[in-house]
$ cat input18.pdb   # PDB, C-alpha atoms
MODEL        1
ATOM      1  CA  GLU A 183    -107.491 -58.758 -92.742  1.00  0.00           C
ATOM      2  CA  ILE A 184    -110.183 -56.702 -94.466  1.00  0.00           C
ATOM      3  CA  GLY A 185    -107.786 -53.742 -94.675  1.00  0.00           C
ATOM      4  CA  HIS A 186    -105.162 -55.951 -96.314  1.00  0.00           C
ATOM      5  CA  HIS A 187    -107.705 -57.066 -98.901  1.00  0.00           C
ATOM      6  CA  LEU A 188    -108.837 -53.507 -99.663  1.00  0.00           C
ATOM      7  CA  MET A 189    -105.232 -52.284 -99.905  1.00  0.00           C
ATOM      8  CA  GLY A 190    -104.741 -54.865-102.646  1.00  0.00           C
ATOM      9  CA  LEU A 191    -107.644 -53.378-104.591  1.00  0.00           C
ATOM     10  CA  ASP A 192    -106.873 -49.676-104.154  1.00  0.00           C
ATOM     11  CA  ASP A 193    -103.452 -48.216-103.376  1.00  0.00           C
ATOM     12  CA  SER A 194    -105.006 -45.180-101.694  1.00  0.00           C
ATOM     13  CA  VAL A 195    -106.368 -47.332 -98.826  1.00  0.00           C
ATOM     14  CA  ARG A 196    -104.549 -46.839 -95.520  1.00  0.00           C
ATOM     15  CA  VAL A 197    -104.981 -48.787 -92.291  1.00  0.00           C
ATOM     16  CA  VAL A 198    -104.821 -46.894 -89.001  1.00  0.00           C
ATOM     17  CA  GLU A 199    -104.749 -48.439 -85.521  1.00  0.00           C
ATOM     18  CA  TRP A 200    -106.067 -46.084 -82.856  1.00  0.00           C
ATOM     19  CA  ASN A 201    -104.832 -47.948 -79.821  1.00  0.00           C
ATOM     20  CA  ASP A 202    -102.912 -51.029 -78.797  1.00  0.00           C
ATOM     21  CA  GLN A 203    -105.888 -53.043 -77.550  1.00  0.00           C
ATOM     22  CA  PRO A 204    -106.346 -56.384 -79.329  1.00  0.00           C
ATOM     23  CA  ASP A 205    -110.022 -55.633 -79.989  1.00  0.00           C
ATOM     24  CA  TRP A 206    -111.882 -52.360 -79.924  1.00  0.00           C
ATOM     25  CA  PRO A 207    -115.669 -52.556 -80.208  1.00  0.00           C
ATOM     26  CA  LEU A 208    -116.447 -50.577 -83.331  1.00  0.00           C
ATOM     27  CA  CYS A 209    -117.367 -53.503 -85.553  1.00  0.00           C
ATOM     28  CA  PRO A 210    -116.418 -56.583 -83.507  1.00  0.00           C
ATOM     29  CA  SER A 211    -118.758 -58.987 -85.284  1.00  0.00           C
ATOM     30  CA  ILE A 212    -116.879 -58.655 -88.570  1.00  0.00           C
ATOM     31  CA  GLY A 213    -113.362 -57.404 -87.976  1.00  0.00           C
ATOM     32  CA  ARG A 214    -110.659 -59.013 -85.925  1.00  0.00           C
ATOM     33  CA  SER A 215    -110.431 -55.588 -84.332  1.00  0.00           C
ATOM     34  CA  GLY A 216    -112.421 -52.371 -84.693  1.00  0.00           C
ATOM     35  CA  LEU A 217    -113.217 -51.183 -88.172  1.00  0.00           C
ATOM     36  CA  THR A 218    -113.994 -47.692 -89.385  1.00  0.00           C
ATOM     37  CA  PHE A 219    -114.354 -46.959 -93.073  1.00  0.00           C
ATOM     38  CA  GLU A 220    -113.572 -43.401 -94.109  1.00  0.00           C
ATOM     39  CA  VAL A 221    -113.040 -41.929 -97.552  1.00  0.00           C
ATOM     40  CA  GLY A 222    -112.115 -38.294 -97.919  1.00  0.00           C
ATOM     41  CA  ALA A 223    -111.447 -35.599 -97.376  1.00  0.00           C
ATOM     42  CA  CYS A 224    -114.769 -34.218 -98.460  1.00  0.00           C
ATOM     43  CA  PRO A 225    -116.400 -30.955 -97.416  1.00  0.00           C
ATOM     44  CA  TRP A 226    -119.264 -31.508 -94.981  1.00  0.00           C
ATOM     45  CA  GLY A 227    -122.667 -31.774 -96.629  1.00  0.00           C
ATOM     46  CA  CYS A 228    -121.281 -32.413-100.123  1.00  0.00           C
ATOM     47  CA  ILE A 229    -121.098 -35.464-102.320  1.00  0.00           C
ATOM     48  CA  GLU A 230    -117.831 -35.664-104.212  1.00  0.00           C
ATOM     49  CA  PRO A 231    -118.638 -37.998-107.148  1.00  0.00           C
ATOM     50  CA  LYS A 232    -115.224 -39.668-107.312  1.00  0.00           C
ATOM     51  CA  LEU A 233    -115.148 -40.271-103.539  1.00  0.00           C
ATOM     52  CA  PHE A 234    -118.718 -41.580-103.596  1.00  0.00           C
ATOM     53  CA  GLN A 235    -117.882 -44.078-106.354  1.00  0.00           C
ATOM     54  CA  THR A 236    -114.682 -45.156-104.582  1.00  0.00           C
ATOM     55  CA  SER A 237    -116.560 -45.603-101.308  1.00  0.00           C
ATOM     56  CA  ARG A 238    -119.259 -47.662-102.971  1.00  0.00           C
ATOM     57  CA  ARG A 239    -116.748 -49.865-104.801  1.00  0.00           C
ATOM     58  CA  LEU A 240    -114.716 -50.505-101.645  1.00  0.00           C
ATOM     59  CA  ILE A 241    -117.741 -51.170 -99.430  1.00  0.00           C
ATOM     60  CA  MET A 242    -119.059 -53.696-101.949  1.00  0.00           C
ATOM     61  CA  ALA A 243    -115.610 -55.341-102.073  1.00  0.00           C
ATOM     62  CA  LEU A 244    -115.538 -55.407 -98.257  1.00  0.00           C
ATOM     63  CA  LEU A 245    -118.949 -57.105 -98.083  1.00  0.00           C
ATOM     64  CA  ASP A 246    -117.965 -59.616-100.786  1.00  0.00           C
ATOM     65  CA  TYR A 247    -114.792 -60.405 -98.860  1.00  0.00           C
ATOM     66  CA  VAL A 248    -116.701 -60.967 -95.607  1.00  0.00           C
ATOM     67  CA  GLU A 249    -119.176 -63.258 -97.397  1.00  0.00           C
ATOM     68  CA  GLN A 250    -116.356 -65.286 -98.998  1.00  0.00           C
ATOM     69  CA  HIS A 251    -114.462 -65.457 -95.709  1.00  0.00           C
ATOM     70  CA  ASN A 252    -117.532 -66.697 -93.837  1.00  0.00           C
ATOM     71  CA  ALA A 253    -118.227 -69.290 -96.572  1.00  0.00           C
ATOM     72  CA  LEU A 254    -114.672 -70.617 -96.212  1.00  0.00           C
ATOM     73  CA  ILE A 255    -115.088 -70.901 -92.449  1.00  0.00           C
ATOM     74  CA  SER A 256    -118.467 -72.646 -92.655  1.00  0.00           C
ATOM     75  CA  SER A 257    -117.203 -75.115 -95.270  1.00  0.00           C
ATOM     76  CA  GLY A 258    -114.103 -75.909 -93.235  1.00  0.00           C
ATOM     77  CA  GLY A 259    -111.990 -74.990 -96.258  1.00  0.00           C
ATOM     78  CA  GLY A 260    -109.199 -72.562 -96.845  1.00  0.00           C
ATOM     79  CA  THR A 261    -105.648 -72.295 -95.640  1.00  0.00           C
ATOM     80  CA  GLN A 262    -103.879 -69.800 -93.451  1.00  0.00           C
ATOM     81  CA  GLN A 263    -101.426 -67.494 -95.218  1.00  0.00           C
ATOM     82  CA  GLU A 264     -98.987 -65.216 -93.381  1.00  0.00           C
ATOM     83  CA  VAL A 265     -99.215 -61.634 -94.673  1.00  0.00           C
ATOM     84  CA  THR A 266     -97.857 -58.209 -93.755  1.00  0.00           C
ATOM     85  CA  MET A 267     -99.212 -54.753 -94.396  1.00  0.00           C
ATOM     86  CA  THR A 268     -98.329 -51.164 -93.631  1.00  0.00           C
ATOM     87  CA  VAL A 269    -100.186 -49.786 -90.619  1.00  0.00           C
ATOM     88  CA  TYR A 270    -100.254 -46.264 -89.198  1.00  0.00           C
ATOM     89  CA  ARG A 271    -100.577 -46.161 -85.408  1.00  0.00           C
ATOM     90  CA  SER A 272    -101.679 -43.306 -83.203  1.00  0.00           C
ATOM     91  CA  ILE A 273     -98.929 -42.073 -80.883  1.00  0.00           C
ATOM     92  CA  GLY A 274    -101.320 -39.990 -78.784  1.00  0.00           C
ATOM     93  CA  VAL A 275    -100.058 -36.603 -79.963  1.00  0.00           C
ATOM     94  CA  SER A 276    -102.334 -34.008 -81.526  1.00  0.00           C
ATOM     95  CA  MET A 277    -101.521 -30.400 -82.299  1.00  0.00           C
ATOM     96  CA  ASP A 278    -103.657 -27.301 -82.002  1.00  0.00           C
ATOM     97  CA  TYR A 279    -103.531 -24.327 -84.309  1.00  0.00           C
ATOM     98  CA  PRO A 280    -101.384 -21.414 -83.131  1.00  0.00           C
ATOM     99  CA  ARG A 281    -103.445 -19.399 -80.664  1.00  0.00           C
ATOM    100  CA  CYS A 282    -103.277 -16.211 -78.608  1.00  0.00           C
ATOM    101  CA  ASP A 283    -105.690 -15.801 -75.699  1.00  0.00           C
ATOM    102  CA  GLY A 284    -107.655 -18.801 -77.013  1.00  0.00           C
ATOM    103  CA  ASP A 285    -108.182 -17.381 -80.483  1.00  0.00           C
ATOM    104  CA  PRO A 286    -106.536 -18.826 -83.616  1.00  0.00           C
ATOM    105  CA  VAL A 287    -103.686 -16.699 -84.953  1.00  0.00           C
ATOM    106  CA  GLY A 288    -102.649 -19.042 -87.739  1.00  0.00           C
ATOM    107  CA  HIS A 289    -103.522 -21.952 -89.996  1.00  0.00           C
ATOM    108  CA  VAL A 290    -101.957 -25.125 -91.341  1.00  0.00           C
ATOM    109  CA  HIS A 291     -98.987 -24.297 -93.568  1.00  0.00           C
ATOM    110  CA  PRO A 292     -99.861 -24.529 -97.289  1.00  0.00           C
ATOM    111  CA  ALA A 293     -97.035 -27.054 -97.792  1.00  0.00           C
ATOM    112  CA  LEU A 294     -98.764 -29.440 -95.344  1.00  0.00           C
ATOM    113  CA  GLN A 295    -102.347 -28.999 -96.576  1.00  0.00           C
ATOM    114  CA  ASN A 296    -103.738 -32.188 -98.187  1.00  0.00           C
ATOM    115  CA  LYS A 297    -100.662 -34.143 -97.056  1.00  0.00           C
ATOM    116  CA  ASP A 298    -102.197 -36.752 -94.748  1.00  0.00           C
ATOM    117  CA  PHE A 299     -99.816 -39.670 -94.147  1.00  0.00           C
ATOM    118  CA  SER A 300     -96.741 -37.602 -95.025  1.00  0.00           C
ATOM    119  CA  GLU A 301     -93.684 -37.743 -92.792  1.00  0.00           C
ATOM    120  CA  LEU A 302     -93.020 -34.712 -90.587  1.00  0.00           C
ATOM    121  CA  ARG A 303     -89.383 -33.901 -89.835  1.00  0.00           C
ATOM    122  CA  ASP A 304     -87.915 -31.302 -87.508  1.00  0.00           C
ATOM    123  CA  GLY A 305     -87.844 -27.981 -89.339  1.00  0.00           C
ATOM    124  CA  ASP A 306     -90.691 -28.814 -91.742  1.00  0.00           C
ATOM    125  CA  PRO A 307     -93.253 -26.001 -92.107  1.00  0.00           C
ATOM    126  CA  LEU A 308     -96.226 -26.821 -89.878  1.00  0.00           C
ATOM    127  CA  PHE A 309     -98.281 -23.652 -89.467  1.00  0.00           C
ATOM    128  CA  MET A 310     -98.353 -20.125 -90.821  1.00  0.00           C
ATOM    129  CA  THR A 311     -99.538 -17.249 -88.683  1.00  0.00           C
ATOM    130  CA  PHE A 312    -101.991 -14.775 -90.147  1.00  0.00           C
ATOM    131  CA  ASP A 313     -99.037 -12.355 -90.279  1.00  0.00           C
ATOM    132  CA  GLY A 314     -97.187 -14.765 -92.625  1.00  0.00           C
ATOM    133  CA  GLU A 315     -94.690 -16.168 -90.085  1.00  0.00           C
ATOM    134  CA  GLU A 316     -93.814 -19.858 -90.498  1.00  0.00           C
ATOM    135  CA  VAL A 317     -94.054 -22.136 -87.478  1.00  0.00           C
ATOM    136  CA  LYS A 318     -91.816 -25.147 -87.986  1.00  0.00           C
ATOM    137  CA  PHE A 319     -92.250 -28.644 -86.620  1.00  0.00           C
ATOM    138  CA  ASP A 320     -90.102 -29.428 -83.593  1.00  0.00           C
ATOM    139  CA  ARG A 321     -90.456 -32.857 -81.984  1.00  0.00           C
ATOM    140  CA  LYS A 322     -89.522 -31.601 -78.521  1.00  0.00           C
ATOM    141  CA  SER A 323     -91.940 -28.650 -78.578  1.00  0.00           C
ATOM    142  CA  TYR A 324     -94.809 -30.970 -79.448  1.00  0.00           C
ATOM    143  CA  LYS A 325     -93.717 -33.655 -76.955  1.00  0.00           C
ATOM    144  CA  VAL A 326     -93.202 -36.436 -79.474  1.00  0.00           C
ATOM    145  CA  PRO A 327     -91.961 -39.481 -77.529  1.00  0.00           C
ATOM    146  CA  GLU A 328     -88.341 -40.281 -78.364  1.00  0.00           C
ATOM    147  CA  LYS A 329     -89.148 -43.886 -79.236  1.00  0.00           C
ATOM    148  CA  TYR A 330     -90.678 -42.732 -82.542  1.00  0.00           C
ATOM    149  CA  ASP A 331     -87.955 -42.175 -85.143  1.00  0.00           C
ATOM    150  CA  LYS A 332     -90.453 -41.039 -87.757  1.00  0.00           C
ATOM    151  CA  VAL A 333     -93.887 -39.474 -87.405  1.00  0.00           C
ATOM    152  CA  TYR A 334     -96.626 -38.878 -89.949  1.00  0.00           C
ATOM    153  CA  ALA A 335     -99.412 -36.290 -90.141  1.00  0.00           C
ATOM    154  CA  LEU A 336    -103.052 -37.334 -90.192  1.00  0.00           C
ATOM    155  CA  PHE A 337    -106.357 -35.433 -90.226  1.00  0.00           C
ATOM    156  CA  VAL A 338    -104.525 -32.331 -91.404  1.00  0.00           C
ATOM    157  CA  ASN A 339    -106.851 -29.321 -91.118  1.00  0.00           C
ATOM    158  CA  GLU A 340    -109.974 -31.494 -90.864  1.00  0.00           C
ATOM    159  CA  ALA A 341    -113.032 -29.338 -90.241  1.00  0.00           C
ATOM    160  CA  ALA A 342    -114.528 -31.945 -87.890  1.00  0.00           C
ATOM    161  CA  TYR A 343    -111.615 -31.488 -85.466  1.00  0.00           C
ATOM    162  CA  TYR A 344    -111.436 -27.689 -85.525  1.00  0.00           C
ATOM    163  CA  GLU A 345    -113.743 -27.216 -82.539  1.00  0.00           C
ATOM    164  CA  LYS A 346    -111.724 -29.844 -80.663  1.00  0.00           C
ATOM    165  CA  LYS A 347    -108.629 -27.685 -81.200  1.00  0.00           C
ATOM    166  CA  VAL A 348    -106.903 -30.325 -83.294  1.00  0.00           C
ATOM    167  CA  ALA A 349    -105.075 -29.138 -86.395  1.00  0.00           C
ATOM    168  CA  LEU A 350    -103.557 -32.590 -86.976  1.00  0.00           C
ATOM    169  CA  MET A 351    -102.624 -35.827 -85.247  1.00  0.00           C
ATOM    170  CA  LEU A 352     -99.337 -37.689 -85.345  1.00  0.00           C
ATOM    171  CA  MET A 353     -98.917 -41.334 -86.253  1.00  0.00           C
ATOM    172  CA  SER A 354     -96.092 -43.825 -86.422  1.00  0.00           C
ATOM    173  CA  CYS A 355     -95.830 -46.237 -89.326  1.00  0.00           C
ATOM    174  CA  GLY A 356     -94.905 -49.882 -89.215  1.00  0.00           C
ATOM    175  CA  GLU A 357     -95.907 -53.313 -90.387  1.00  0.00           C
ATOM    176  CA  ALA A 358     -98.564 -55.635 -89.058  1.00  0.00           C
ATOM    177  CA  LYS A 359     -98.096 -59.379 -89.527  1.00  0.00           C
ATOM    178  CA  PHE A 360    -100.999 -61.767 -89.264  1.00  0.00           C
ATOM    179  CA  SER A 361    -102.458 -64.879 -90.744  1.00  0.00           C
ATOM    180  CA  LYS A 362    -105.211 -64.593 -93.343  1.00  0.00           C
ATOM    181  CA  LEU A 363    -107.643 -67.287 -94.450  1.00  0.00           C
ATOM    182  CA  THR A 364    -107.403 -67.879 -98.216  1.00  0.00           C
ATOM    183  CA  LYS A 365    -109.040 -70.277-100.683  1.00  0.00           C
ATOM    184  CA  GLY A 366    -105.722 -72.096-100.951  1.00  0.00           C
TER     185      GLY A 366
ENDMDL
END
$ encode --input "input18.pdb" --output "structure tokens"
Amino acid sequence: EIGHHLMGLDDSVRVVEWNDQPDWPLCPSIGRSGLTFEVGACPWGCIEPKLFQTSRRLIMALLDYVEQHNALISSGGGTQQEVTMTVYRSIGVSMDYPRCDGDPVGHVHPALQNKDFSELRDGDPLFMTFDGEEVKFDRKSYKVPEKYDKVYALFVNEAAYYEKKVALMLMSCGEAKFSKLTKG
């Protein structure tokens, strides 16, 4: 519900579900399910002014929304409205950088850099070895379950995942339908 509200304020907001549990205890007192707020990408230890301002604006909007929502509940007012929103869902597949004997021998392909939430299709450039050889995406090689017609890249070349040997994660994309309390 909060994600839906924020998506209406800023078209760069994306909602990601990490698992299929109905509630995940990250912020259970506020969200109907877990809630993590991330704005980026931003190099570690730096403040990017535009990202800082966006974060501040969205956090303030989130807190205002929670306050208004709670006021509606306590007053017994409001009506339920059915809404839908785009949601990216983890499919449990992550990919490591190309390696030889445990050491990296390549990096994310330049065509994929800064392309979080972009669709990956068989044959798309995925990595480039340090020798300049392209490694292309192949669903079977990366064990993408057949039930996913389309997959999307997330956390592409994120520094925080490098030591975990994760170059990127794969997501599916669909719609979530739910009822939202409105002033009505």
$ resolve_selection --input "input18.pdb" --expression "the PyMOL selection byres ((chain A and resi 262-275) around 6)" --output "ChimeraX atom specification"
/A:197-200,261,276,351-363
$ residues_around --input "input18.pdb" --residues "Phe309 of chain A" --least-positions-apart "2" --cutoff "6 Å" --atoms "all atoms listed in the file" --output "list in words"
His289, Val290, His291, Glu316 and Val317 of chain A
$ closest_residue --input "input18.pdb" --among "A:Leu191, A:Met277, A:Leu233, A:Met310" --to "Ala293 of chain A" --atoms "only C-alpha atoms"
A:Met310
$ closest_residue --input "input18.pdb" --among "A:Ala349, A:Thr218, A:Gly258, A:Lys322" --to "Pro286 of chain A" --atoms "all atoms listed in the file"
A:Ala349
$ residues_around --input "input18.pdb" --residues "Ser323 of chain A" --least-positions-apart "3" --cutoff "12 Å" --atoms "all atoms listed in the file" --output "PDB file with C-alpha atoms, in the frame of the given file"
ATOM      1  CA  VAL A 275    -100.058 -36.603 -79.963  1.00  0.00           C
ATOM      2  CA  MET A 277    -101.521 -30.400 -82.299  1.00  0.00           C
ATOM      3  CA  ASP A 304     -87.915 -31.302 -87.508  1.00  0.00           C
ATOM      4  CA  GLY A 305     -87.844 -27.981 -89.339  1.00  0.00           C
ATOM      5  CA  VAL A 317     -94.054 -22.136 -87.478  1.00  0.00           C
ATOM      6  CA  LYS A 318     -91.816 -25.147 -87.986  1.00  0.00           C
ATOM      7  CA  PHE A 319     -92.250 -28.644 -86.620  1.00  0.00           C
ATOM      8  CA  ASP A 320     -90.102 -29.428 -83.593  1.00  0.00           C
ATOM      9  CA  VAL A 326     -93.202 -36.436 -79.474  1.00  0.00           C
ATOM     10  CA  PRO A 327     -91.961 -39.481 -77.529  1.00  0.00           C
TER      11      PRO A 327
END
$ closest_residue --input "input18.pdb" --among "A:Asp313, A:Glu183, A:Glu220, A:Asp285" --to "Val195 of chain A" --atoms "all atoms listed in the file"
A:Glu220
